[in-house]
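Novice: Structure provided below as structure tokens; questions to follow.
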There are 2 protein chains.
Amino acid sequence: MSKLLIVGTVAFDAIETPFGKTDKILGGAATYIGLSASQFNVKSAIVSVVGEDFPQEHMDLLTSKEIDIQGIEVVKGGKTFFWRGKYHNDLNTRDTLDTQLNVLADFKPVVPKDFKDSEIVMLGNLHPLVQLSVLEQVNNPKLVVLDTMNFWMDNALEDLKKVIAKVDVITINDEEARQLTEEHSLVRAARKIEKMGPKYVVIKKGEHGALLFHKDQIFFAPALPLEEVFDPTGAGDTFAGGFTGYLAQSEDISFENMKNAVIYGSSLASFCVEKFGTERMENLKHSDLESRLQEFQSLTQFDIELTPTKTL
Amino acid sequence: MSKLLIVGTVAFDAIETPFGKTDKILGGAATYIGLSASQFNVKSAIVSVVGEDFPQEHMDLLTSKEIDIQGIEVVKGGKTFFWRGKYHNDLNTRDTLDTQLNVLADFKPVVPKDFKDSEIVMLGNLHPLVQLSVLEQVNNPKLVVLDTMNFWMDNALEDLKKVIAKVDVITINDEEARQLTEEHSLVRAARKIEKMGPKYVVIKKGEHGALLFHKDQIFFAPALPLEEVFDPTGAGDTFAGGFTGYLAQSEDISFENMKNAVIYGSSLASFCVEKFGTERMENLKHSDLESRLQEFQSLTQFDIELTPTKTL
């Protein structure tokens, strides 16, 4: 079984959407990535940090999903990273109302010995220097996938560029891709990002789906058209968890197989937004995922017979 | 060979985009629909009106594409409908700078005798009462497709609702679908529109693709990710021309075949935006279309083997 190493936040979120609000609930990029990847037959581990206030039941949840938690440091007397945000009416944009770094401020990631030989490394959203430190501790992984966001472009661009230069795949949203490259066209933005390092570029467009770029090839996965998006928190991380979990399970990192990985990622993300926080992902059955993949098939597959032409 | 009856404007446009501007050039919904549908083996005719200022070369162009123009009335001493618009930097929005209705103001459409028995009727964007008048002149078409826009929702909503009640398919953009139904979710909007009459609802999302709804089924076609969109004018009409042209040629109006029609429509629209006005569509070869369809296939088709589950 392949090993998947996940680095990212394990945290508390307080979320407000037009449909309701929550107090402090379980959140964090690594949490969503791990829950999503747990749908696959992989050996996964999270590298992160929490405070003493982090409840045992959340740790138990991760363990129950067969996620190795020995790389989650618990800082005595420390407080867990906390984020409070409020989504606007269209759910495409949000305001950060409060960010308390707490134990994250001095986080020095330690990759467990058992996972230094992980085949796939998923660098979830965190300070680029933390992501770099994890990369320095692993031995020649087959695939390194990076997720990041505009916050690091604004505050740690040079460090971020160093990580980008070292990864195989980057997942980034459309506005961030534009900010990073100063190109409006996503095709051009992806080309520029490929020149910065990654051989594969995934541009996430939220409700408008996701694009996978590799050299001259492009693949597109729509988001499932939903009657109601309840809470978009963690959708991007859930996508990343599905993408890497599927690749780790199938042990095939070709572009053709990455197409499937993008579809798995999109399917899993479509569940994540159906309820607040991690609730839907905690209770997701494999049969739910199978029938959603079926929906993606009928949503996107068509049957046009093409005449071979000279241009092919 | 099936007959396709097209009603809509044949007009002059003056267009400004971030990439340049044009003087008065050939435009109009029926022009774009006709040029697009001319890629298929169908017998098509345009019902429209122009002024005496409309150049013979434009008429000749339509004839050279085997479009029947006997239903295009030429008003002696009249002036052709003229629209001037300027696109914003992202090309998703535009300002109308000038609209001169001219001969369109008193247009009474006359369907040529030969085309009263058309299998497919494409009601391009025009006053709903003109669209209704065309419907009253045809004998039991197999499929009626309506395109409209927010202008008629603002100015002739009751008439528009009468047309909507009589058609099989409506094509409408996302913001217009939301305006018409007061629903933000496009899934809900499509359901509400189905209740107004059409059995099939196509929601166009511009650079984000198009959705086809029918009862509980949804199909999605992406827009081709382009390095540069030069001029979006006519893209929606070109989509409609490809959609109806393909359906007329294949003589199959099932939902499964409409999926293909949406892909053809999207492929043709992706050419339309590559140059100003009708230029790209005038010179489009069938082999160009075939290789673009191939691009749509590799863009969207994937190969996930699903385990049959109990839910299926």
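Within each chain, counting starts at residue 1; across the structure tokens, chains are named A, B, ... in the order shown, with ligands numbered 1 upward in that order.
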List every residue of stretch 8-168 of chain B that DSSP, applied to the backbone of this structure, places in strand (DSSP E or B), and write the result as a PyMOL selection string.

Specialist: chain B and resi 11-17+20-21+25-27+43-51+67-68+72-75+82-87+94-100+120-123+143-147

Novice: Hey, list the chain A side of the contact with chain B: 9 Å cut-off, only C-alpha atoms, answer as a PyMOL selection string.

Specialist: chain A and resi 90+184-188+208-209+211+217-222+225-229+256-257+259-260+263+287-288+290-291+293-295+297-304+306-312

Novice: If we count only C-alpha atoms, what is near stretch 25-40 of chain B at a cut-off of 7 Å, once residues fewer than 4 positions away on the same chain are taken out, given as number ranges by chain?

Specialist: B: 6-14, 46, 65, 67, 124-125, 234, 237-238, 240-242, 245-246, 249, 268, 277-278, 281-282, 286

Novice: I'd like the neighbourhood of stretch 98-106 of chain A as a list in words, where a residue qualifies if any of its atoms comes within 10 Å (using only C-alpha atoms), though same-chain residues fewer than 5 positions away should be ignored.

Specialist: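 Neighbouring residues, sequence-local ones excluded: Thr9, Val10, Ala11, Phe12, Asp13, Ala14, Ser48, Val49, Val50, Gly51, Glu52, Glu73, Val74, Val75, Lys76, Gly77, Gly78, Lys79, Thr80, Phe81, Phe82, Trp83, Arg84, Gly85, Lys86, Leu126, His127 and Val130 of chain A.
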
Novice: Which distance in Å separates atom CA of A:Ile120 and atom CA of A:Lys215, to one decimal?

Specialist: 21.5 Å

Novice: Give the answer as one residue: which of A:Phe239, A:Phe107, A:Phe151, A:Phe115 has the shortest atom-to-atom distance to A:Gln131, using only C-alpha atoms?

Specialist: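 Distance minimum relative to A:Gln131 lands on A:Phe107.
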
Novice: Neighbouring residues of stretch 173-175 of chain B were defined as those with any atom within 9 Å, considering only C-alpha atoms; residues of the same chain fewer than 6 positions away were excluded. Please report them as a PDB file with all heavy atoms, in the first residue's frame.

Specialist:
```pdb
ATOM      1  N   THR B 148     -33.087  34.128 -25.867  1.00  0.00           N
ATOM      2  CA  THR B 148     -33.598  35.457 -25.527  1.00  0.00           C
ATOM      3  C   THR B 148     -32.575  36.142 -24.638  1.00  0.00           C
ATOM      4  O   THR B 148     -31.505  35.615 -24.399  1.00  0.00           O
ATOM      5  CB  THR B 148     -34.967  35.358 -24.837  1.00  0.00           C
ATOM      6  OG1 THR B 148     -35.505  36.670 -24.694  1.00  0.00           O
ATOM      7  CG2 THR B 148     -34.870  34.682 -23.467  1.00  0.00           C
ATOM      8  N   MET B 149     -32.892  37.353 -24.167  1.00  0.00           N
ATOM      9  CA  MET B 149     -31.956  38.002 -23.256  1.00  0.00           C
ATOM     10  C   MET B 149     -32.674  38.917 -22.277  1.00  0.00           C
ATOM     11  O   MET B 149     -33.876  39.141 -22.355  1.00  0.00           O
ATOM     12  CB  MET B 149     -30.853  38.725 -24.020  1.00  0.00           C
ATOM     13  CG  MET B 149     -31.315  39.844 -24.913  1.00  0.00           C
ATOM     14  SD  MET B 149     -29.921  40.558 -25.844  1.00  0.00           S
ATOM     15  CE  MET B 149     -28.943  41.262 -24.500  1.00  0.00           C
ATOM     16  N   ASN B 150     -31.897  39.432 -21.319  1.00  0.00           N
ATOM     17  CA  ASN B 150     -32.473  40.214 -20.229  1.00  0.00           C
ATOM     18  C   ASN B 150     -33.251  41.441 -20.707  1.00  0.00           C
ATOM     19  O   ASN B 150     -34.202  41.864 -20.055  1.00  0.00           O
ATOM     20  CB  ASN B 150     -31.386  40.613 -19.220  1.00  0.00           C
ATOM     21  CG  ASN B 150     -30.198  41.298 -19.890  1.00  0.00           C
ATOM     22  OD1 ASN B 150     -30.127  41.403 -21.116  1.00  0.00           O
ATOM     23  ND2 ASN B 150     -29.271  41.766 -19.084  1.00  0.00           N
ATOM     24  N   HIS B 184     -30.821  31.881  -7.127  1.00  0.00           N
ATOM     25  CA  HIS B 184     -29.384  31.961  -7.378  1.00  0.00           C
ATOM     26  C   HIS B 184     -28.836  30.637  -7.905  1.00  0.00           C
ATOM     27  O   HIS B 184     -28.026  30.601  -8.826  1.00  0.00           O
ATOM     28  CB  HIS B 184     -28.631  32.387  -6.117  1.00  0.00           C
ATOM     29  CG  HIS B 184     -27.157  32.520  -6.344  1.00  0.00           C
ATOM     30  ND1 HIS B 184     -26.601  33.595  -6.987  1.00  0.00           N
ATOM     31  CD2 HIS B 184     -26.133  31.677  -6.085  1.00  0.00           C
ATOM     32  CE1 HIS B 184     -25.294  33.420  -7.085  1.00  0.00           C
ATOM     33  NE2 HIS B 184     -24.979  32.263  -6.550  1.00  0.00           N
ATOM     34  N   LEU B 186     -28.398  27.601 -10.084  1.00  0.00           N
ATOM     35  CA  LEU B 186     -28.798  27.358 -11.473  1.00  0.00           C
ATOM     36  C   LEU B 186     -29.632  26.082 -11.584  1.00  0.00           C
ATOM     37  O   LEU B 186     -30.477  25.956 -12.473  1.00  0.00           O
ATOM     38  CB  LEU B 186     -27.566  27.286 -12.375  1.00  0.00           C
ATOM     39  CG  LEU B 186     -26.749  28.586 -12.453  1.00  0.00           C
ATOM     40  CD1 LEU B 186     -25.533  28.398 -13.348  1.00  0.00           C
ATOM     41  CD2 LEU B 186     -27.603  29.760 -12.945  1.00  0.00           C
ATOM     42  N   VAL B 202     -31.079  25.152 -21.466  1.00  0.00           N
ATOM     43  CA  VAL B 202     -29.623  25.294 -21.614  1.00  0.00           C
ATOM     44  C   VAL B 202     -29.225  26.606 -20.955  1.00  0.00           C
ATOM     45  O   VAL B 202     -29.723  27.669 -21.337  1.00  0.00           O
ATOM     46  CB  VAL B 202     -29.197  25.320 -23.096  1.00  0.00           C
ATOM     47  CG1 VAL B 202     -27.689  25.562 -23.209  1.00  0.00           C
ATOM     48  CG2 VAL B 202     -29.578  24.023 -23.793  1.00  0.00           C
ATOM     49  N   ILE B 203     -28.362  26.533 -19.949  1.00  0.00           N
ATOM     50  CA  ILE B 203     -27.853  27.748 -19.307  1.00  0.00           C
ATOM     51  C   ILE B 203     -26.404  27.953 -19.729  1.00  0.00           C
ATOM     52  O   ILE B 203     -25.551  27.112 -19.494  1.00  0.00           O
ATOM     53  CB  ILE B 203     -28.006  27.682 -17.772  1.00  0.00           C
ATOM     54  CG1 ILE B 203     -29.494  27.563 -17.410  1.00  0.00           C
ATOM     55  CG2 ILE B 203     -27.385  28.922 -17.130  1.00  0.00           C
ATOM     56  CD1 ILE B 203     -29.792  27.582 -15.918  1.00  0.00           C
ATOM     57  N   LYS B 204     -26.181  29.097 -20.399  1.00  0.00           N
ATOM     58  CA  LYS B 204     -24.854  29.410 -20.916  1.00  0.00           C
ATOM     59  C   LYS B 204     -24.092  30.227 -19.880  1.00  0.00           C
ATOM     60  O   LYS B 204     -24.602  31.229 -19.381  1.00  0.00           O
ATOM     61  CB  LYS B 204     -24.985  30.215 -22.218  1.00  0.00           C
ATOM     62  CG  LYS B 204     -25.718  29.467 -23.333  1.00  0.00           C
ATOM     63  CD  LYS B 204     -25.978  30.374 -24.543  1.00  0.00           C
ATOM     64  CE  LYS B 204     -27.069  31.391 -24.249  1.00  0.00           C
ATOM     65  NZ  LYS B 204     -27.402  32.260 -25.403  1.00  0.00           N
ATOM     66  N   LYS B 205     -22.861  29.789 -19.574  1.00  0.00           N
ATOM     67  CA  LYS B 205     -22.055  30.492 -18.577  1.00  0.00           C
ATOM     68  C   LYS B 205     -20.801  31.118 -19.186  1.00  0.00           C
ATOM     69  O   LYS B 205     -19.806  31.313 -18.485  1.00  0.00           O
ATOM     70  CB  LYS B 205     -21.662  29.526 -17.456  1.00  0.00           C
ATOM     71  CG  LYS B 205     -22.860  28.824 -16.793  1.00  0.00           C
ATOM     72  CD  LYS B 205     -22.508  28.236 -15.429  1.00  0.00           C
ATOM     73  CE  LYS B 205     -21.482  27.133 -15.535  1.00  0.00           C
ATOM     74  NZ  LYS B 205     -20.944  26.763 -14.195  1.00  0.00           N
ATOM     75  N   GLY B 206     -20.865  31.419 -20.487  1.00  0.00           N
ATOM     76  CA  GLY B 206     -19.722  32.084 -21.132  1.00  0.00           C
ATOM     77  C   GLY B 206     -18.458  31.252 -21.010  1.00  0.00           C
ATOM     78  O   GLY B 206     -18.468  30.065 -21.338  1.00  0.00           O
ATOM     79  N   ALA B 210     -21.459  25.522 -20.493  1.00  0.00           N
ATOM     80  CA  ALA B 210     -22.919  25.512 -20.627  1.00  0.00           C
ATOM     81  C   ALA B 210     -23.493  24.257 -19.983  1.00  0.00           C
ATOM     82  O   ALA B 210     -22.878  23.195 -19.997  1.00  0.00           O
ATOM     83  CB  ALA B 210     -23.305  25.552 -22.104  1.00  0.00           C
ATOM     84  N   GLY B 236     -22.975  33.258 -28.232  1.00  0.00           N
ATOM     85  CA  GLY B 236     -24.204  32.575 -27.823  1.00  0.00           C
ATOM     86  C   GLY B 236     -25.044  32.155 -29.026  1.00  0.00           C
ATOM     87  O   GLY B 236     -25.626  31.068 -29.045  1.00  0.00           O
TER      88      GLY B 236
END
```

Novice: For A:Lys116, please output as JSON, numbers by chain all residues within 7 Å (counting only C-alpha atoms; exclusion window: fewer than 2 positions along the same chain).

Specialist: {"A": [111, 112, 113, 114, 118, 137, 138, 139]}

Novice: Please, what distance in Å, to one decimal, runs between atom CA of A:Val145 and atom CA of A:Lys199?

Specialist: 10.4 Å

Novice: Set the distance at 9 Å and use only C-alpha atoms: which residues neighbour B:Ala248 once local chain neighbours fewer than 2 positions away are removed? I'd like the list as a list in words.

Specialist: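 Returned residues: Met1, Ser2, Lys3, Leu4, Phe40, Asn41, Val42, Lys43, Glu119, Ile120, Phe243, Thr244, Gly245, Tyr246, Ser250, Glu251, Asp252 and Ile253 of chain B.
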